[in-house]
$ cat entry-v5.txt   # compact mmCIF, C-alpha atoms
# COMPACT_ATOMS: atom_id res chain seq x y z
CA ALA A 163 76.15 114.58 53.01
CA GLY A 164 74.08 114.70 56.17
CA GLN A 165 70.86 115.07 54.19
CA ALA A 166 71.75 112.15 51.92
CA TRP A 167 72.46 110.01 55.00
CA LYS A 168 69.00 110.86 56.38
CA ILE A 169 67.32 109.85 53.13
CA ARG A 170 69.26 106.56 52.96
CA THR A 171 68.05 105.91 56.51
CA TYR A 172 64.49 106.53 55.30
CA ALA A 173 64.95 103.95 52.57
CA ILE A 174 66.48 101.30 54.85
CA ILE A 175 63.81 101.66 57.55
CA SER A 176 61.02 101.73 54.96
CA LEU A 177 62.20 98.60 53.18
CA SER A 178 62.68 96.82 56.52
CA MET A 179 59.14 97.73 57.56
CA LEU A 180 57.72 96.60 54.22
CA ALA A 181 59.49 93.26 54.49
CA SER A 182 58.02 92.81 57.96
CA ALA A 183 54.51 93.72 56.74
CA HIS A 184 54.86 91.33 53.79
CA SER A 185 55.95 88.52 56.13
CA MET A 186 52.96 89.19 58.41
CA LEU A 187 50.51 89.14 55.49
CA VAL A 188 51.97 85.96 54.02
CA GLY A 189 51.83 84.27 57.43
CA HIS A 190 48.22 85.34 57.88
CA ALA A 191 47.30 84.03 54.41
CA ALA A 192 48.87 80.64 55.18
CA GLU A 193 47.03 80.46 58.50
CA VAL A 194 43.70 81.25 56.83
CA ARG A 195 44.24 78.58 54.18
CA ASN A 196 44.74 75.97 56.91
CA ARG A 197 41.56 76.84 58.82
CA PRO A 198 38.59 74.46 58.48
CA VAL A 199 36.24 77.46 58.12
CA ARG A 200 37.61 80.60 56.56
CA PRO A 201 36.48 84.01 57.82
CA ARG A 202 34.27 86.13 55.58
CA THR A 203 36.87 88.90 55.49
CA CYS A 204 40.56 88.17 55.38
CA LEU A 205 43.54 90.42 55.95
CA CYS A 206 45.38 88.94 52.96
CA GLN A 207 42.38 89.66 50.68
CA VAL A 208 41.56 93.22 51.72
CA ASN A 209 45.02 94.63 52.39
CA PHE A 210 47.40 93.55 49.62
CA ASP A 211 46.14 96.00 46.96
CA TRP A 212 46.27 98.98 49.30
CA ILE A 213 49.71 98.02 50.62
CA GLU A 214 51.03 97.64 47.06
CA THR A 215 49.74 101.10 46.13
CA SER A 216 51.23 102.62 49.30
CA VAL A 217 54.58 100.90 48.68
CA LYS A 218 54.75 102.38 45.19
CA LYS A 219 53.97 105.85 46.54
CA GLY A 220 56.53 105.45 49.31
CA LEU A 221 59.27 104.27 46.96
CA ALA A 222 58.46 107.13 44.56
CA GLU A 223 58.82 109.58 47.45
CA ILE A 224 62.14 108.04 48.48
CA THR A 225 63.40 108.12 44.87
CA GLN A 226 62.46 111.79 44.56
CA ARG A 227 64.33 112.64 47.78
CA LEU A 228 67.40 110.71 46.65
CA SER A 229 67.45 112.52 43.29
CA ASN A 230 66.89 115.96 44.84
CA PRO A 231 67.97 115.93 48.51
CA GLN A 232 68.21 119.75 48.69
CA GLY A 233 64.56 120.09 47.67
CA SER A 234 63.36 118.19 50.68
CA HIS A 235 64.41 120.90 53.14
CA ALA A 236 61.24 122.35 54.61
CA ASP A 237 62.66 125.59 56.00
CA ALA A 238 65.66 127.86 56.00
CA GLY A 239 67.17 126.05 58.93
CA GLY A 240 67.49 122.90 56.85
CA GLU A 241 65.35 120.76 59.21
CA GLU A 242 63.19 118.25 57.36
CA GLN A 243 59.56 118.28 58.50
CA GLU A 244 57.45 115.10 58.46
CA PRO A 245 53.67 115.49 58.25
CA ALA A 246 51.82 114.48 61.39
CA SER A 247 50.52 110.92 61.22
CA ASP A 248 46.76 110.67 60.83
CA ALA A 249 44.50 108.33 62.72
CA VAL A 250 43.39 105.16 60.94
CA GLU A 251 39.96 103.61 61.55
CA ARG A 252 38.74 100.14 60.54
CA SER A 253 35.85 97.91 61.62
CA ILE A 254 34.70 94.30 61.45
CA MET A 255 31.60 92.30 62.39
CA VAL A 256 32.04 89.67 65.14
CA ARG A 257 29.56 86.92 66.03
CA ALA A 258 29.44 87.72 69.76
CA THR A 259 27.92 90.20 72.18
CA ALA A 260 29.59 93.50 73.05
CA GLU A 261 30.29 92.17 76.56
CA GLU A 262 32.03 89.07 75.15
CA CYS A 263 34.17 91.20 72.83
CA PHE A 264 35.01 93.49 75.75
CA GLN A 265 36.03 90.53 77.96
CA VAL A 266 38.41 89.12 75.33
CA ALA A 267 39.92 92.52 74.43
CA THR A 268 40.63 93.31 78.11
CA ALA A 269 42.18 89.91 78.91
CA PHE A 270 45.68 91.25 78.19
CA GLU A 271 47.55 88.17 79.45
CA ASP A 272 45.91 86.17 76.63
CA TYR A 273 47.11 88.49 73.84
CA PRO A 274 50.17 86.38 72.92
CA LYS A 275 47.77 83.47 72.24
CA TRP A 276 45.97 85.24 69.39
CA ALA A 277 47.75 88.51 68.53
CA ARG A 278 50.67 87.49 66.29
CA ALA A 279 52.56 90.76 66.75
CA THR A 280 52.46 90.61 70.58
CA SER A 281 55.19 88.49 72.18
CA SER A 282 54.73 89.37 75.87
CA VAL A 283 52.39 91.28 78.19
CA LYS A 284 52.68 92.40 81.80
CA VAL A 285 49.83 94.07 83.70
CA GLU A 286 51.46 96.45 86.18
CA SER A 287 48.31 97.85 87.80
CA ARG A 288 44.55 97.36 87.72
CA THR A 289 41.36 99.36 88.24
CA VAL A 290 38.95 98.72 91.11
CA ASN A 291 37.03 96.48 88.68
CA ASN A 292 40.18 94.38 88.06
CA LEU A 293 40.72 95.70 84.53
CA GLY A 294 44.25 96.50 83.41
CA ARG A 295 45.09 100.16 84.00
CA ARG A 296 48.83 100.15 83.18
CA VAL A 297 50.09 97.45 80.78
CA VAL A 298 53.55 96.77 79.30
CA MET A 299 53.60 95.10 75.86
CA THR A 300 56.41 93.86 73.64
CA MET A 301 55.34 93.68 70.00
CA GLY A 302 56.42 94.01 66.39
CA MET A 303 55.74 97.33 64.63
CA PHE A 304 57.40 99.33 61.83
CA GLY A 305 59.78 96.46 61.07
CA ARG A 306 61.24 96.31 64.58
CA THR A 307 60.47 94.95 68.05
CA VAL A 308 59.22 97.62 70.44
CA SER A 309 58.31 97.60 74.11
CA SER A 310 55.86 100.20 75.37
CA THR A 311 53.76 100.96 78.43
CA PHE A 312 50.10 101.86 77.92
CA GLU A 313 47.45 103.33 80.19
CA TYR A 314 43.84 102.24 79.64
CA GLU A 315 40.40 103.71 80.27
CA TYR A 316 37.07 101.91 79.94
CA GLN A 317 33.35 102.34 79.41
CA ARG A 318 32.15 98.79 79.86
CA PRO A 319 31.10 97.11 77.64
CA THR A 320 31.12 99.60 74.75
CA LYS A 321 34.58 101.18 74.72
CA MET A 322 38.22 100.86 75.76
CA CYS A 323 40.96 103.34 74.89
CA TRP A 324 44.69 103.58 75.56
CA HIS A 325 47.76 105.73 75.03
CA ALA A 326 51.49 105.15 75.35
CA VAL A 327 53.16 106.66 78.41
CA ALA A 328 56.65 105.14 78.12
CA GLY A 329 58.76 102.97 75.84
CA SER A 330 59.98 102.74 72.26
CA ILE A 331 57.08 104.51 70.52
CA LYS A 332 56.96 108.31 70.69
CA GLU A 333 53.15 108.61 70.52
CA LEU A 334 50.40 106.01 70.23
CA GLU A 335 46.67 106.35 70.86
CA GLY A 336 44.11 103.66 70.17
CA SER A 337 40.59 102.56 70.98
CA TYR A 338 38.07 99.77 70.49
CA HIS A 339 34.35 100.54 70.21
CA PHE A 340 31.94 97.62 70.58
CA ILE A 341 28.57 98.33 68.96
CA GLU A 342 25.94 95.60 69.20
CA THR A 343 23.89 95.29 66.01
CA SER A 344 21.90 92.27 67.24
CA LYS A 345 21.87 89.90 70.22
CA GLN A 346 24.73 87.83 68.82
CA GLU A 347 26.63 90.22 66.53
CA THR A 348 28.82 93.22 67.31
CA LYS A 349 30.55 95.78 65.14
CA VAL A 350 34.09 96.29 66.45
CA VAL A 351 35.67 99.63 65.48
CA TYR A 352 39.44 100.05 65.90
CA LYS A 353 41.03 103.51 65.83
CA LEU A 354 44.80 104.00 65.85
CA ARG A 355 47.16 106.97 65.67
CA VAL A 356 50.90 106.33 65.78
CA GLU A 357 53.95 108.58 65.67
CA PRO A 358 56.94 106.20 65.83
CA GLY A 359 59.52 108.84 66.73
CA PHE A 360 61.91 108.10 63.87
CA PRO A 361 61.83 109.41 60.26
CA LEU A 362 59.44 107.54 57.97
CA PRO A 363 57.47 108.69 54.90
CA GLY A 364 53.81 109.42 55.63
CA VAL A 365 52.48 106.79 53.22
CA ILE A 366 54.63 104.14 54.89
CA LYS A 367 53.27 105.07 58.33
CA GLN A 368 49.73 104.91 56.94
CA ALA A 369 50.36 101.52 55.32
CA THR A 370 51.72 100.11 58.57
CA SER A 371 48.89 101.54 60.67
CA ARG A 372 46.29 100.06 58.31
CA ALA A 373 48.04 96.68 58.38
CA VAL A 374 48.11 96.78 62.19
CA CYS A 375 44.38 97.62 62.31
CA TRP A 376 43.37 94.85 59.94
CA ALA A 377 45.56 92.29 61.68
CA ALA A 378 44.21 93.22 65.13
CA LEU A 379 40.57 93.09 64.01
CA ASN A 380 40.86 89.83 62.09
CA GLU A 381 42.81 88.09 64.85
CA LEU A 382 40.39 89.34 67.53
CA LYS A 383 37.39 88.14 65.47
CA HIS A 384 38.96 84.73 64.85
CA TYR A 385 39.81 84.21 68.52
CA ILE A 386 36.41 85.33 69.84
CA GLU A 387 34.56 83.07 67.40
CA LEU A 388 36.61 79.97 68.25
CA PRO A 389 34.43 77.26 69.87
CA SER A 390 36.88 77.05 72.79
CA THR A 391 36.63 80.80 73.43
CA GLN A 392 32.85 80.71 73.18
CA ALA A 393 32.75 77.81 75.67
CA MET A 394 34.96 79.77 78.08
CA LEU A 395 32.72 82.85 77.80
CA ARG A 396 29.58 80.75 78.30
CA GLY A 397 31.17 79.21 81.40
CA ARG A 398 31.79 82.67 82.83
CA ARG A 399 28.19 83.67 82.14
CA SER A 400 26.91 80.53 83.89
CA LYS A 401 28.99 81.30 86.99
CA GLU A 402 27.78 84.89 87.03
CA ASP A 403 24.17 83.74 86.73
CA VAL A 404 24.61 81.31 89.64
CA LEU A 405 26.26 83.96 91.82
CA GLY A 406 23.58 86.47 90.93
CA SER A 407 20.84 84.00 91.82
CA ARG A 408 22.48 83.16 95.17
CA TRP A 409 22.82 86.87 95.98
CA GLN A 410 19.13 87.44 95.25
CA ASP A 411 18.24 84.53 97.55
CA ILE A 412 20.35 86.03 100.35
CA VAL A 413 18.74 89.45 99.93
CA LEU A 414 15.28 87.86 99.93
CA GLU A 415 16.04 85.88 103.10
CA CYS A 416 17.32 88.99 104.88
CA SER A 417 14.30 91.05 103.88
CA THR A 418 11.79 88.39 104.97
CA GLY A 419 13.70 87.45 108.13

$ encode --input "entry-v5.txt" --output "structure tokens"
Amino acid sequence: AGQAWKIRTYAIISLSMLASAHSMLVGHAAEVRNRPVRPRTCLCQVNFDWIETSVKKGLAEITQRLSNPQGSHADAGGEEQEPASDAVERSIMVRATAEECFQVATAFEDYPKWARATSSVKVESRTVNNLGRRVVMTMGMFGRTVSSTFEYEYQRPTKMCWHAVAGSIKELEGSYHFIETSKQETKVVYKLRVEPGFPLPGVIKQATSRAVCWAALNELKHYIELPSTQAMLRGRRSKEDVLGSRWQDIVLECSTG
């Protein structure tokens, strides 16, 4: 009876997660249709086929466990073993410099503006360079709302990585790599490894991780390439250029004085 209850829990959580993923994809598709200029790659175009295949595999796995619950015991002690979740990696091309991508990705307070799954962000501590070191996020994942604390490390402007240190998710590690391919185009690589801490078939975890990666990359690309975001980034560059010029003038005056 206990084993059957576990498997029913698998099914309920899996179906809840799939409904959430479907809702996210449908919402993204509607948003893309309403944009004046559609992106070259779209979450709803690239992800539906893979999700459908993963759903079928996941449901087949659940059906097999329901029909033969005793066969799912992994050892003599009767404890069911889930395979470790593998890291997922995806990439996308963004019309911006690596520094611009880095600035947007590290502006955590702005995440709720463009990241649909993120509802709130609080930066608890910062590095000496004013980048977020410890950040609390509330977001949707695996069909539920989770709140987790992450610690970040940086190699400006090419890399940022993070891992969960507290909260609803058992284990989470992620990273962005920003690789400039030209003066105005950057390849953004997103890596993610998640262990939610509750029972879930491996294919369902993979499907969710891939959906999270594609959503994050597409939303980041869309936000960076918005004219308003580009204007904001250009304004920052202008201020930095002015400050740099003034500093050079001061150094020159001191050296000649």

$ atom_distance --input "entry-v5.txt" --atom1 "atom CA of Pro358 of chain A" --atom2 "atom CA of Ser330 of chain A"
7.9 Å

$ atom_distance --input "entry-v5.txt" --atom1 "atom CA of Gly364 of chain A" --atom2 "atom CA of Met301 of chain A"
21.4 Å

$ closest_residue --input "entry-v5.txt" --among "A:Met255, A:Val250, A:Thr268, A:Ala373" --to "Thr289 of chain A" --atoms "only C-alpha atoms"
A:Thr268

$ atom_distance --input "entry-v5.txt" --atom1 "atom CA of Lys345 of chain A" --atom2 "atom CA of Ala260 of chain A"
9.0 Å

$ residues_around --input "entry-v5.txt" --residues "Glu333 of chain A" --least-positions-apart "2" --cutoff "8 Å" --atoms "all atoms listed in the file" --output "JSON, numbers by chain"
{"A": [325, 326, 331, 335, 355, 356, 357, 358, 359]}

$ closest_residue --input "entry-v5.txt" --among "A:Gly336, A:Pro274, A:Gly302, A:Gly329" --to "Glu315 of chain A" --atoms "all atoms listed in the file"
A:Gly336

$ residues_around --input "entry-v5.txt" --residues "Leu354 of chain A" --least-positions-apart "2" --cutoff "10 Å" --atoms "only C-alpha atoms" --output "list in words"
Asp248, Ala249, Val250, Glu251, Arg252, Cys323, Trp324, His325, Leu334, Glu335, Gly336, Ser337, Tyr338, Tyr352, Val356, Ser371, Arg372, Val374 and Cys375 of chain A

$ closest_residue --input "entry-v5.txt" --among "A:Arg306, A:Lys332, A:Arg318, A:Lys353" --to "Gln265 of chain A" --atoms "only C-alpha atoms"
A:Arg318

$ axis_aligned_box --input "entry-v5.txt" --around "segment 286-296 of chain A" --padding-each-side "4 Å" --output "JSON"
{"center_x": 44.2, "center_y": 97.3, "center_z": 87.1, "size_x": 22.4, "size_y": 13.8, "size_z": 15.9}
